[in-house]
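**Q** So here's protein_7.cif (mmCIF, C-alpha atoms).
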data_run
#
loop_
_atom_site.label_atom_id
_atom_site.label_comp_id
_atom_site.auth_asym_id
_atom_site.auth_seq_id
_atom_site.Cartn_x
_atom_site.Cartn_y
_atom_site.Cartn_z
CA MET A 531 -75.02 4.32 203.13
CA GLU A 532 -75.19 1.68 200.44
CA PRO A 533 -73.87 2.23 196.91
CA ALA A 534 -76.48 3.16 194.33
CA GLU A 535 -78.25 0.23 192.72
CA ASP A 536 -76.82 0.12 189.23
CA SER A 537 -76.40 -2.66 186.75
CA GLY A 538 -72.61 -2.39 186.88
CA VAL A 539 -72.27 -2.35 190.67
CA VAL A 540 -70.70 -5.33 192.40
CA ASP A 541 -73.19 -7.31 194.49
CA PHE A 542 -71.91 -7.03 198.05
CA HIS A 543 -73.24 -9.22 200.85
CA GLY A 544 -74.89 -7.24 203.58
CA ASP A 545 -72.89 -5.37 206.19
CA GLU A 546 -70.19 -7.94 206.81
CA GLU A 547 -67.46 -6.59 209.00
CA ILE A 548 -65.15 -9.61 208.98
CA ILE A 549 -64.32 -11.08 205.60
CA GLU A 550 -62.76 -14.53 205.78
CA VAL A 551 -62.18 -15.16 202.10
CA VAL A 552 -61.63 -12.41 199.60
CA GLU A 553 -62.85 -13.03 196.04
CA LEU A 554 -60.30 -11.82 193.54
CA GLY A 555 -62.13 -12.47 190.29
CA PRO A 556 -62.25 -9.85 187.53
CA PRO A 557 -64.98 -7.17 187.68
CA ARG A 558 -68.00 -7.53 185.45
CA PRO A 559 -67.74 -5.76 182.12
CA ASP A 560 -69.56 -2.43 182.23
CA ASP A 561 -69.78 0.42 179.83
CA LEU A 562 -68.30 2.87 182.30
CA ALA A 563 -67.61 5.47 179.66
CA GLU A 564 -71.35 5.67 179.04
CA GLU A 565 -72.03 5.66 182.79
CA MET A 566 -69.83 8.70 183.31
CA GLU A 567 -71.97 10.57 180.77
CA GLY A 568 -74.62 10.75 183.49
CA VAL A 569 -72.39 12.62 185.91
CA ASP A 570 -73.52 16.16 186.60
CA PHE A 571 -70.35 18.21 186.15
CA ASP A 572 -70.72 21.68 187.65
CA ASP A 573 -68.37 24.49 186.80
CA GLU A 574 -67.15 25.04 190.32
CA GLU A 575 -64.17 27.10 191.29
CA ALA A 576 -62.05 26.25 194.31
CA GLU A 577 -59.70 28.65 195.99
CA GLU A 578 -56.17 27.95 194.88
CA PRO A 579 -53.68 27.82 197.75
CA ASP A 580 -50.08 28.72 197.25
CA ALA A 581 -48.06 25.71 196.21
CA GLU A 582 -45.64 24.54 198.85
CA ALA A 583 -42.08 23.76 197.99
CA TRP A 584 -41.13 20.10 198.05
CA GLU A 585 -37.62 19.64 199.28
CA THR A 586 -35.74 16.76 197.77
CA GLU A 587 -32.43 15.32 198.78
CA ASP A 588 -29.53 16.68 196.79
CA ASP A 589 -27.71 14.06 194.85
CA GLU A 590 -24.32 15.69 195.22
CA GLY A 591 -23.20 12.73 197.29
CA MET A 592 -23.34 10.37 194.33
CA GLU A 593 -19.94 9.04 193.49
CA ASP A 594 -19.75 9.52 189.75
CA ASP A 595 -16.42 7.79 189.51
CA MET A 596 -17.81 4.49 190.84
CA GLU A 597 -18.75 2.01 188.16
CA VAL A 598 -22.40 1.05 188.57
CA GLN A 599 -23.75 -2.36 187.53
CA ASP A 600 -26.25 -1.75 184.75
CA ASP A 601 -28.73 -4.51 183.89
CA SER A 602 -30.97 -2.23 181.82
CA GLU A 603 -31.63 -2.51 178.09
CA VAL A 604 -32.51 1.15 177.40
CA THR A 605 -31.65 4.38 179.22
CA PHE A 606 -33.63 7.59 178.73
CA SER A 607 -31.44 10.57 179.63
CA LEU A 608 -33.22 13.75 178.54
CA HIS A 609 -34.10 14.82 182.08
CA SER A 610 -31.62 17.11 183.85
CA ALA A 611 -32.85 16.50 187.41
CA PRO A 612 -34.41 13.66 189.46
CA VAL A 613 -37.24 11.88 187.61
CA PHE A 614 -40.25 11.55 189.89
CA CYS A 615 -42.87 9.62 187.93
CA VAL A 616 -43.45 7.19 185.07
CA SER A 617 -46.45 5.54 183.41
CA LEU A 618 -46.88 3.18 180.45
CA ASP A 619 -49.62 3.58 177.89
CA PRO A 620 -52.20 0.89 178.74
CA LYS A 621 -53.20 0.02 175.17
CA THR A 622 -49.83 -1.04 173.75
CA ASN A 623 -47.31 -0.64 176.60
CA MET A 624 -44.97 0.76 173.96
CA LEU A 625 -44.89 4.37 175.20
CA ALA A 626 -43.74 5.84 178.49
CA VAL A 627 -44.31 9.27 180.00
CA THR A 628 -41.90 10.60 182.62
CA GLY A 629 -41.88 13.78 184.70
CA GLY A 630 -39.12 15.34 186.78
CA GLU A 631 -37.75 18.05 189.02
CA ASP A 632 -36.49 19.85 185.89
CA ASP A 633 -40.13 20.99 185.25
CA LYS A 634 -40.24 18.75 182.20
CA ALA A 635 -42.30 15.78 181.02
CA PHE A 636 -41.53 13.61 178.01
CA VAL A 637 -43.39 10.94 176.04
CA TRP A 638 -40.93 8.42 174.61
CA ARG A 639 -40.71 4.96 173.10
CA VAL A 640 -39.81 2.12 175.45
CA SER A 641 -38.13 -0.06 172.80
CA ASP A 642 -35.32 2.39 172.01
CA GLY A 643 -35.78 5.47 174.21
CA GLU A 644 -36.66 7.68 171.23
CA LEU A 645 -38.45 10.91 172.16
CA LEU A 646 -41.94 11.35 170.69
CA PHE A 647 -42.68 14.78 172.16
CA GLU A 648 -42.16 17.02 175.16
CA CYS A 649 -45.13 18.02 177.32
CA SER A 650 -43.92 21.60 177.59
CA GLY A 651 -45.10 24.57 179.62
CA HIS A 652 -44.68 23.42 183.21
CA LYS A 653 -43.15 25.88 185.70
CA ASP A 654 -42.56 23.47 188.59
CA SER A 655 -41.54 19.86 189.23
CA VAL A 656 -43.70 17.39 187.29
CA THR A 657 -44.81 14.85 189.90
CA CYS A 658 -47.78 13.18 188.16
CA ALA A 659 -48.10 11.73 184.66
CA GLY A 660 -50.30 9.12 183.04
CA PHE A 661 -52.19 7.94 179.97
CA SER A 662 -55.97 7.64 179.59
CA TYR A 663 -57.41 4.12 179.55
CA ASP A 664 -57.44 4.08 175.72
CA SER A 665 -53.98 5.71 175.37
CA VAL A 666 -55.53 8.57 173.38
CA PHE A 667 -54.57 11.24 175.93
CA VAL A 668 -51.67 11.80 178.30
CA ALA A 669 -51.86 14.10 181.33
CA THR A 670 -48.97 15.73 183.21
CA GLY A 671 -49.24 17.61 186.49
CA ASP A 672 -46.77 19.75 188.43
CA MET A 673 -46.46 20.72 192.08
CA CYS A 674 -47.96 24.17 191.54
CA GLY A 675 -51.15 22.48 190.37
CA LEU A 676 -50.88 23.03 186.63
CA ILE A 677 -52.28 20.00 184.79
CA LYS A 678 -51.89 19.68 181.02
CA VAL A 679 -53.64 17.15 178.79
CA TRP A 680 -52.19 16.19 175.40
CA ARG A 681 -53.52 14.13 172.51
CA VAL A 682 -50.88 11.49 171.85
CA ASP A 683 -51.33 11.01 168.10
CA THR A 684 -51.24 14.73 167.24
CA LYS A 685 -48.83 15.67 170.07
CA GLU A 686 -51.01 18.72 170.73
CA GLU A 687 -52.20 20.13 174.05
CA VAL A 688 -56.00 19.89 174.32
CA LYS A 689 -56.69 21.18 177.85
CA SER A 690 -54.99 22.69 180.87
CA PHE A 691 -56.24 23.18 184.44
CA ASP A 692 -54.75 25.15 187.32
CA VAL A 693 -55.86 23.74 190.69
CA GLY A 694 -53.05 24.78 193.05
CA GLY A 695 -50.98 22.38 195.16
CA LEU A 696 -51.43 19.11 193.27
CA GLU A 697 -51.02 16.00 195.45
CA TRP A 698 -52.00 13.17 193.05
CA MET A 699 -53.74 12.52 189.76
CA GLU A 700 -55.38 9.44 188.19
CA TRP A 701 -57.31 8.54 185.05
CA HIS A 702 -60.65 6.72 185.17
CA PRO A 703 -60.26 3.00 184.27
CA GLN A 704 -62.76 3.02 181.36
CA ALA A 705 -63.62 6.63 180.50
CA CYS A 706 -61.70 9.76 179.50
CA VAL A 707 -62.18 11.27 182.94
CA LEU A 708 -59.36 12.64 185.09
CA LEU A 709 -59.41 12.81 188.90
CA ALA A 710 -56.95 14.82 191.01
CA GLY A 711 -56.46 15.68 194.69
CA THR A 712 -55.08 18.98 195.94
CA HIS A 713 -53.48 20.56 198.97
CA ASP A 714 -56.68 22.24 200.17
CA GLY A 715 -58.54 18.91 200.39
CA THR A 716 -60.50 19.29 197.15
CA CYS A 717 -60.78 16.49 194.59
CA TRP A 718 -61.36 17.62 191.00
CA MET A 719 -62.89 15.54 188.22
CA TRP A 720 -62.85 16.55 184.54
CA LYS A 721 -64.30 15.05 181.38
CA ILE A 722 -61.71 15.09 178.61
CA PRO A 723 -61.54 16.77 176.17
CA SER A 724 -64.60 18.93 177.03
CA GLY A 725 -63.14 20.02 180.37
CA ASP A 726 -66.50 19.80 182.19
CA CYS A 727 -65.68 19.85 185.90
CA LYS A 728 -66.99 18.53 189.20
CA THR A 729 -65.44 18.93 192.66
CA PHE A 730 -65.58 16.91 195.89
CA GLN A 731 -64.95 18.93 199.06
CA GLY A 732 -63.10 17.01 201.74
CA PRO A 733 -61.73 18.24 205.08
CA ALA A 734 -59.67 21.43 205.07
CA CYS A 735 -56.37 19.56 204.75
CA PRO A 736 -54.43 17.96 201.87
CA ALA A 737 -56.00 15.07 199.97
CA THR A 738 -52.75 13.11 200.07
CA CYS A 739 -53.67 10.00 198.00
CA GLY A 740 -56.56 8.60 196.02
CA ARG A 741 -57.69 5.77 193.78
CA ILE A 742 -60.71 5.23 191.52
CA LEU A 743 -62.23 1.84 192.34
CA PRO A 744 -62.55 -0.80 189.59
CA ASP A 745 -66.32 -0.28 189.22
CA GLY A 746 -65.49 3.24 188.01
CA LYS A 747 -68.30 4.72 190.10
CA ARG A 748 -66.50 5.25 193.39
CA ALA A 749 -63.16 6.59 194.56
CA VAL A 750 -61.29 6.21 197.84
CA VAL A 751 -59.35 9.26 199.06
CA GLY A 752 -56.99 9.59 202.02
CA TYR A 753 -56.31 12.87 203.79
CA ASP A 754 -53.61 14.55 205.84
CA ASP A 755 -55.70 14.39 209.04
CA GLY A 756 -55.87 10.57 208.90
CA THR A 757 -59.42 10.35 207.55
CA VAL A 758 -60.52 8.21 204.60
CA ARG A 759 -63.54 8.92 202.40
CA ILE A 760 -65.25 6.73 199.82
CA TRP A 761 -66.90 8.99 197.24
CA ASP A 762 -69.79 8.33 194.88
CA LEU A 763 -68.46 9.91 191.69
CA LYS A 764 -71.87 10.23 190.03
CA GLN A 765 -73.75 11.76 192.94
CA GLY A 766 -70.78 13.71 194.31
CA THR A 767 -71.55 12.48 197.80
CA SER A 768 -69.48 10.76 200.44
CA LEU A 769 -70.60 7.13 200.93
CA HIS A 770 -68.40 6.41 203.95
CA VAL A 771 -66.08 8.44 206.17
CA LEU A 772 -63.48 6.64 208.28
CA LYS A 773 -62.11 8.78 211.07
CA GLY A 774 -61.11 8.51 214.70
CA GLN A 775 -60.50 4.87 215.60
CA ASP A 776 -61.48 3.71 212.10
CA GLY A 777 -59.16 6.21 210.42
CA HIS A 778 -55.43 6.71 210.93
CA ARG A 779 -53.49 8.67 213.53
CA ASP A 780 -51.42 10.43 210.86
CA LEU A 781 -51.55 11.37 207.19
CA LEU A 782 -52.41 8.77 204.56
CA THR A 783 -49.56 7.82 202.21
CA CYS A 784 -51.28 5.27 199.93
CA VAL A 785 -54.54 3.50 199.14
CA ALA A 786 -55.30 0.42 197.01
CA SER A 787 -58.18 -1.88 196.13
CA ASN A 788 -58.48 -5.51 195.15
CA GLN A 789 -59.48 -6.52 191.62
CA ASP A 790 -63.25 -6.29 192.09
CA GLY A 791 -63.14 -3.28 194.42
CA SER A 792 -64.82 -5.07 197.31
CA MET A 793 -61.84 -4.52 199.61
CA ILE A 794 -59.67 -1.45 200.18
CA MET A 795 -56.33 -1.06 201.93
CA THR A 796 -55.07 2.19 203.40
CA GLY A 797 -51.52 3.00 204.56
CA SER A 798 -50.24 5.79 206.75
CA VAL A 799 -47.28 7.44 208.40
CA ASP A 800 -48.62 5.84 211.60
CA CYS A 801 -47.20 2.51 210.27
CA HIS A 802 -50.61 0.85 210.13
CA ALA A 803 -52.28 -0.67 207.08
CA LYS A 804 -56.05 -1.12 207.34
CA LEU A 805 -58.25 -3.53 205.40
CA VAL A 806 -61.69 -2.04 204.72
CA ASN A 807 -64.93 -3.45 203.29
CA SER A 808 -65.77 -0.89 200.60
CA ALA A 809 -69.52 -1.69 200.67
CA THR A 810 -69.96 -1.08 204.40
CA GLY A 811 -67.03 1.21 205.14
CA LYS A 812 -66.11 -1.07 208.06
CA VAL A 813 -62.52 -1.87 209.03
CA VAL A 814 -62.00 -5.62 208.70
CA CYS A 815 -58.57 -5.70 210.31
CA VAL A 816 -55.45 -3.65 211.02
CA PHE A 817 -52.05 -4.89 209.87
CA LYS A 818 -49.24 -3.73 212.13
CA MET A 819 -45.97 -5.11 213.36
CA GLU A 820 -45.08 -4.22 216.93
CA SER A 821 -41.38 -4.80 216.25
CA MET A 822 -41.49 -1.93 213.77
CA THR A 823 -42.09 0.74 216.40
CA PRO A 824 -39.68 3.64 215.72
CA LYS A 825 -36.57 3.48 217.87
CA ALA A 826 -36.17 6.17 220.51
CA PRO A 827 -33.25 8.62 220.14
CA THR A 828 -30.12 7.50 221.99
CA GLY A 829 -28.40 10.89 222.21
CA GLU A 830 -29.45 14.44 223.01
CA ASN A 831 -29.10 15.64 219.42
CA GLU A 832 -30.39 12.48 217.71
CA GLU A 833 -33.85 12.08 216.27
CA ALA A 834 -36.01 8.97 216.53
CA GLU A 835 -35.81 6.70 213.51
CA SER A 836 -38.96 7.19 211.46
CA ASN A 837 -40.99 4.55 209.69
CA SER A 838 -44.18 4.56 207.65
CA VAL A 839 -46.22 2.57 205.16
CA GLU A 840 -45.04 3.73 201.72
CA SER A 841 -46.89 1.44 199.32
CA LEU A 842 -49.37 -1.45 199.32
CA GLY A 843 -51.38 -3.65 196.98
CA PHE A 844 -53.43 -6.80 196.47
CA CYS A 845 -52.47 -9.94 194.59
CA ASN A 846 -54.93 -10.82 191.78
CA VAL A 847 -54.46 -14.59 191.80
CA MET A 848 -54.15 -15.43 195.50
CA PRO A 849 -55.75 -13.93 198.64
CA LEU A 850 -52.59 -12.00 199.56
CA ALA A 851 -51.70 -8.38 200.17
CA ALA A 852 -48.30 -6.68 200.36
CA VAL A 853 -47.23 -3.69 202.43
CA GLY A 854 -43.93 -1.85 201.91
CA TYR A 855 -42.36 0.15 204.73
CA LEU A 856 -39.84 2.95 204.88
CA ASP A 857 -37.53 0.81 207.03
CA GLY A 858 -37.14 -1.65 204.14
CA THR A 859 -39.60 -4.32 205.25
CA LEU A 860 -41.89 -5.95 202.70
CA ALA A 861 -44.72 -7.69 204.57
CA ILE A 862 -46.87 -10.30 202.78
CA TYR A 863 -50.20 -10.86 204.53
CA ASP A 864 -52.63 -13.76 204.15
CA LEU A 865 -56.13 -12.24 203.85
CA PRO A 866 -58.33 -15.20 204.92
CA THR A 867 -56.43 -15.61 208.19
CA GLN A 868 -55.36 -11.93 208.42
CA THR A 869 -51.87 -13.01 209.46
CA LEU A 870 -48.31 -12.18 208.41
CA ARG A 871 -47.11 -14.78 205.89
CA HIS A 872 -43.64 -13.48 204.98
CA LYS A 873 -41.33 -10.66 205.97
CA CYS A 874 -38.86 -9.74 203.23
CA GLU A 875 -36.04 -7.40 204.20
CA HIS A 876 -34.47 -4.74 201.96
CA GLU A 877 -31.19 -2.90 202.40
CA SER A 878 -33.04 0.43 202.54
CA GLY A 879 -36.51 1.94 202.42
CA ILE A 880 -39.16 0.72 199.97
CA VAL A 881 -40.50 3.47 197.71
CA GLN A 882 -43.14 1.52 195.80
CA LEU A 883 -44.43 -2.00 195.18
CA LEU A 884 -46.47 -3.51 192.34
CA TRP A 885 -47.94 -6.97 191.85
CA GLU A 886 -47.74 -8.83 188.56
CA GLU A 887 -51.17 -8.95 186.96
CA ASN A 888 -51.38 -12.73 186.63
CA SER A 889 -49.07 -14.22 189.24
CA ALA A 890 -48.07 -14.08 192.90
CA VAL A 891 -44.91 -12.09 192.17
CA VAL A 892 -44.48 -8.66 193.73
CA TYR A 893 -41.96 -6.04 192.55
CA THR A 894 -40.32 -3.49 194.83
CA CYS A 895 -38.10 -0.49 194.23
CA SER A 896 -36.07 1.06 197.01
CA LEU A 897 -33.78 3.86 198.08
CA ASP A 898 -30.70 1.72 197.35
CA GLY A 899 -31.44 1.96 193.60
CA ALA A 900 -32.39 -1.70 193.11
CA LEU A 901 -35.47 -3.30 191.59
CA ARG A 902 -36.38 -6.64 193.18
CA LEU A 903 -38.82 -9.45 192.41
CA TRP A 904 -40.30 -11.56 195.22
CA ASP A 905 -42.28 -14.80 195.11
CA ALA A 906 -45.06 -14.12 197.60
CA ARG A 907 -45.74 -17.84 198.06
CA SER A 908 -42.27 -18.57 199.44
CA GLY A 909 -41.12 -15.10 200.46
CA LYS A 910 -37.93 -15.60 198.42
CA MET A 911 -36.32 -12.99 196.20
CA ILE A 912 -36.29 -14.34 192.63
CA GLY A 913 -34.65 -11.42 190.83
CA GLU A 914 -32.64 -8.24 191.37
CA TYR A 915 -31.88 -5.57 188.77
CA ARG A 916 -29.53 -2.63 189.12
CA GLY A 917 -28.44 0.23 186.92
CA HIS A 918 -29.27 3.44 188.77
CA SER A 919 -26.65 5.34 190.75
CA SER A 920 -29.30 6.85 193.03
CA GLU A 921 -32.64 5.91 194.57
CA ILE A 922 -35.49 4.63 192.39
CA LEU A 923 -38.44 7.02 192.76
CA ASP A 924 -41.11 5.29 190.65
CA PHE A 925 -41.59 2.34 188.29
CA ALA A 926 -44.13 0.70 186.00
CA VAL A 927 -44.58 -2.90 184.82
CA ASN A 928 -46.06 -3.84 181.44
CA LYS A 929 -49.02 -6.22 181.08
CA ASP A 930 -47.09 -9.45 180.48
CA ALA A 931 -44.52 -8.53 183.13
CA SER A 932 -41.62 -8.71 180.68
CA ILE A 933 -40.60 -5.04 180.90
CA VAL A 934 -40.10 -2.72 183.87
CA VAL A 935 -39.47 1.02 183.47
CA THR A 936 -37.87 2.83 186.41
CA THR A 937 -37.13 6.48 187.25
CA SER A 938 -34.46 7.72 189.60
CA GLY A 939 -32.79 10.54 191.42
CA ASP A 940 -29.85 10.06 189.01
CA HIS A 941 -31.84 11.99 186.32
CA GLN A 942 -32.49 8.86 184.27
CA ALA A 943 -35.26 6.46 183.34
CA LYS A 944 -34.32 2.87 182.52
CA VAL A 945 -35.99 -0.08 180.81
CA PHE A 946 -35.28 -3.54 182.22
CA CYS A 947 -36.15 -6.81 180.48
CA VAL A 948 -37.28 -9.12 183.27
CA GLN A 949 -36.24 -12.75 182.89
CA ARG A 950 -37.83 -15.38 185.10
CA PRO A 951 -36.95 -19.09 185.20
CA ASP A 952 -40.60 -20.10 185.71
CA ARG A 953 -41.70 -18.55 182.39
#
Is it possible to express this structure as structure tokens?
**A**
Amino acid sequence: MEPAEDSGVVDFHGDEEIIEVVELGPPRPDDLAEEMEGVDFDDEEAEEPDAEAWETEDDEGMEDDMEVQDDSEVTFSLHSAPVFCVSLDPKTNMLAVTGGEDDKAFVWRVSDGELLFECSGHKDSVTCAGFSYDSVFVATGDMCGLIKVWRVDTKEEVKSFDVGGLEWMEWHPQACVLLAGTHDGTCWMWKIPSGDCKTFQGPACPATCGRILPDGKRAVVGYDDGTVRIWDLKQGTSLHVLKGQDGHRDLLTCVASNQDGSMIMTGSVDCHAKLVNSATGKVVCVFKMESMTPKAPTGENEEAESNSVESLGFCNVMPLAAVGYLDGTLAIYDLPTQTLRHKCEHESGIVQLLWEENSAVVYTCSLDGALRLWDARSGKMIGEYRGHSSEILDFAVNKDASIVVTTSGDHQAKVFCVQRPDR
């Protein structure tokens, strides 16, 4: 099924299954906020499953008496438990929102760590947090499925939703619309601040990850059963369903798209990353490394070493993609030739990766508590920043790639000023 013919839709070329060169130019400007006005939001209710507990590793093993190298400029210390998520306000990059296992979320200033306000009222770990495209609103979501939306300038709560078993949450790129995936496979979409709602019913299993595509009219969602769906947000229909051989053998951990939304990548616990043409729903290629097959247990009481794709993303300025694995491997792939270009090893598992907006530099954070910068052209590490005494769980990079904000199992968020010799 082809995407609806709309003035803002990218012009795809037929039903190509093999893409040799990927165009990475910016999407056309489109008044997506006005486009979303045409969405028919129905007041639908979905059954709310009981939230499942999320077990996290205890940090009792941290050696407090060891002096930790600290390269950070600012430390935010109001959380009293591991800090799971962080986002920067897209308009100014001056504000951060963090959420943690202490059932708390805070909006604070990046320059000096000063608290602006607490997003109060959560009863479970806050695992999702982010600002709207215009930085007017900030949303926080906890594991039980309680989502709260606040107006930043007045510091007042404007809406709350209870969806049960929240898996992920994301703001629309150019409209005050919030999308979230839940444990029962439902995706919810709300207009803010009216609260008008629309739902997308997937398979009866968790919607484990999702991403709104740059055209603002479609979203890609990955599920626990290994299937991938591309949704038409206006019509509420599924444009493409990837399952069986086209899907994954295990749950989806992450999805990403290139800058114009023509290509999608999906990552899974099955250790495969798939490149998909978003217009046709066809798999272009599968990135996998045979040497990364989990090792078999050597003793009777030992378990096999596990591995999975944890994060992935496209470079905006070169036809490259990066895949981060739980075993600590960062793989840089060349898209025109669909081959492995570089393999960058980490001391421990990669939690997340992000590309710089305007260069071929990719950032990684890992379970060893370090933030690293890699030049994807050479495969060389060009920077390493430390300061956390536990694993880094999330991070965000500002627009000009001068500031990185990290969150950690050590109960802290830190601001690093990134210095690069080539700038």
**Q** Please report the interatomic distance between CA of Ser932 in chain A and CA of Val679 in chain A in Å with one decimal.
**A**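 About the pair CA of Ser932 in chain A and CA of Val679 in chain A: they are 28.6 Å apart.
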**Q** From the list A:Met699, A:Leu709, A:Val627, A:Ile862, which residue is nearest Trp680 in chain A when using all atoms listed in the file?
**A** A:Val627
**Q** Return the single residue from A:Thr712, A:Thr684, A:Thr622, A:Thr810 that is closest to Ile760 in chain A, with distances computed using all atoms listed in the file.
**A**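 Once distances to Ile760 in chain A are computed over all atoms listed in the file, the minimum belongs to A:Thr810.
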**Q** If the PyMOL selection byres ((chain A and resi 737) around 6) is run on the structure shown, which residues does it catch, given as a list in words?
**A**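 When the PyMOL selection byres ((chain A and resi 737) around 6) is applied to the shown file, the picked residues are Gly711, Thr712, Gly715, Pro736, Thr738, Cys739, Gly752 and Tyr753 of chain A.
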**Q** Set the distance at 8 Å and use only C-alpha atoms: which residues neighbour range 660-676 of chain A once local chain neighbours fewer than 5 positions away are removed? I'd like the list as a JSON list (two decimals) with C-alpha atoms, in the frame of the given file.
**A**
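The result, stored in around.json:
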[["chain", "number", "residue", "atom", "x", "y", "z"],
["A", 580, "ASP", "CA", -50.08, 28.72, 197.25],
["A", 581, "ALA", "CA", -48.06, 25.71, 196.21],
["A", 582, "GLU", "CA", -45.64, 24.54, 198.85],
["A", 583, "ALA", "CA", -42.08, 23.76, 197.99],
["A", 616, "VAL", "CA", -43.45, 7.19, 185.07],
["A", 617, "SER", "CA", -46.45, 5.54, 183.41],
["A", 618, "LEU", "CA", -46.88, 3.18, 180.45],
["A", 619, "ASP", "CA", -49.62, 3.58, 177.89],
["A", 620, "PRO", "CA", -52.20, 0.89, 178.74],
["A", 621, "LYS", "CA", -53.20, 0.02, 175.17],
["A", 627, "VAL", "CA", -44.31, 9.27, 180.00],
["A", 629, "GLY", "CA", -41.88, 13.78, 184.70],
["A", 633, "ASP", "CA", -40.13, 20.99, 185.25],
["A", 635, "ALA", "CA", -42.30, 15.78, 181.02],
["A", 649, "CYS", "CA", -45.13, 18.02, 177.32],
["A", 652, "HIS", "CA", -44.68, 23.42, 183.21],
["A", 653, "LYS", "CA", -43.15, 25.88, 185.70],
["A", 654, "ASP", "CA", -42.56, 23.47, 188.59],
["A", 655, "SER", "CA", -41.54, 19.86, 189.23],
["A", 681, "ARG", "CA", -53.52, 14.13, 172.51],
["A", 682, "VAL", "CA", -50.88, 11.49, 171.85],
["A", 683, "ASP", "CA", -51.33, 11.01, 168.10],
["A", 690, "SER", "CA", -54.99, 22.69, 180.87],
["A", 691, "PHE", "CA", -56.24, 23.18, 184.44],
["A", 692, "ASP", "CA", -54.75, 25.15, 187.32],
["A", 693, "VAL", "CA", -55.86, 23.74, 190.69],
["A", 694, "GLY", "CA", -53.05, 24.78, 193.05],
["A", 695, "GLY", "CA", -50.98, 22.38, 195.16],
["A", 696, "LEU", "CA", -51.43, 19.11, 193.27],
["A", 697, "GLU", "CA", -51.02, 16.00, 195.45],
["A", 699, "MET", "CA", -53.74, 12.52, 189.76],
["A", 700, "GLU", "CA", -55.38, 9.44, 188.19],
["A", 701, "TRP", "CA", -57.31, 8.54, 185.05],
["A", 702, "HIS", "CA", -60.65, 6.72, 185.17],
["A", 703, "PRO", "CA", -60.26, 3.00, 184.27],
["A", 704, "GLN", "CA", -62.76, 3.02, 181.36],
["A", 705, "ALA", "CA", -63.62, 6.63, 180.50],
["A", 706, "CYS", "CA", -61.70, 9.76, 179.50],
["A", 707, "VAL", "CA", -62.18, 11.27, 182.94],
["A", 712, "THR", "CA", -55.08, 18.98, 195.94]]
**Q** Give the answer as one residue: which of A:Ala734, A:Ala931, A:Cys895, A:Ala626 has the shortest atom-to-atom distance to Leu645 in chain A, using all atoms listed in the file?
**A**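 For Leu645 in chain A, the nearest of the given residues is A:Ala626.
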**Q** Would you kindly translate the PyMOL selection byres ((chain A and resi 907) around 9) into the concrete residues it picks from this file, as number ranges by chain?
**A** A: 862, 871-872, 890-891, 904-906, 908-910
**Q** Which is closer to Ser836 in chain A than all the others in A:Pro612, A:Asp762, A:Tyr855, A:Phe606, using only C-alpha atoms?
**A**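 Checking each of A:Pro612, A:Asp762, A:Tyr855, A:Phe606 against Ser836 in chain A, counting only C-alpha atoms, the winner is A:Tyr855.
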**Q** In Å, rounded to a single decimal, give me how far CA of Leu865 in chain A is from CA of Cys815 in chain A.
**A**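 Straight-line distance from CA of Cys815 in chain A to CA of Leu865 in chain A works out to 9.5 Å.
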**Q** Write out as a ChimeraX atom specification which residues come within 10 Å of Gly777 in chain A when counting all atoms listed in the file, dropping same-chain ones fewer than 3 positions away.
**A** /A:752-753,755-759,771-774,780-782,796,798,804,813
**Q** Nearest to Gly791 in chain A among A:Val945, A:Leu625, A:Ala803, A:Ala809, with distances taken over all atoms listed in the file: which residue is it?
**A**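 Result for the nearest residue to Gly791 in chain A: A:Ala809.
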**Q** Any idea what the distance is between CA of Leu903 in chain A and CA of Leu856 in chain A?
**A**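 Pair CA of Leu903 in chain A / CA of Leu856 in chain A returns 17.6 Å.
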**Q** Pick the closest to Asn928 in chain A from A:Glu631, A:Glu840, A:Gln942, A:Val640: which is it, counting all atoms listed in the file?
**A**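 Looking only at the distances to Asn928 in chain A, the closest residue turns out to be A:Val640.
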**Q** Any chance you could work out the residue set of the PyMOL selection byres ((chain A and resi 933-935) around 12) here, as a VMD selection string?
**A** chain A and resid 601 to 606 613 615 to 619 623 to 628 638 to 641 643 884 to 886 893 to 895 901 to 903 914 to 918 922 to 932 936 to 938 942 to 950
**Q** Take every atom of range 920-929 of chain A listed in the file, fit an axis-aligned box around them, add 6 Å per side, and give the centre and edge lengths in Å to one decimal as AutoDock Vina command-line options.
**A**
--center_x -39.2 --center_y 0.4 --center_z 187.8 --size_x 31.7 --size_y 25.2 --size_z 25.5
**Q** Which residues, protein or nucleic acid, reach to within 6 Å of (-58.3, 9.2, 195.7) in the file's coordinates when using only C-alpha atoms, and can you give that as JSON, numbers by chain?
**A** {"A": [739, 740, 741, 749, 750, 751]}
**Q** Give as number ranges by chain each residue that has an atom at most 12 Å from (-48.6, -3.4, 212.8) in the file, counting only C-alpha atoms.
**A** A: 797-804, 815-824, 837-839, 853-855, 859, 861, 863, 868-870
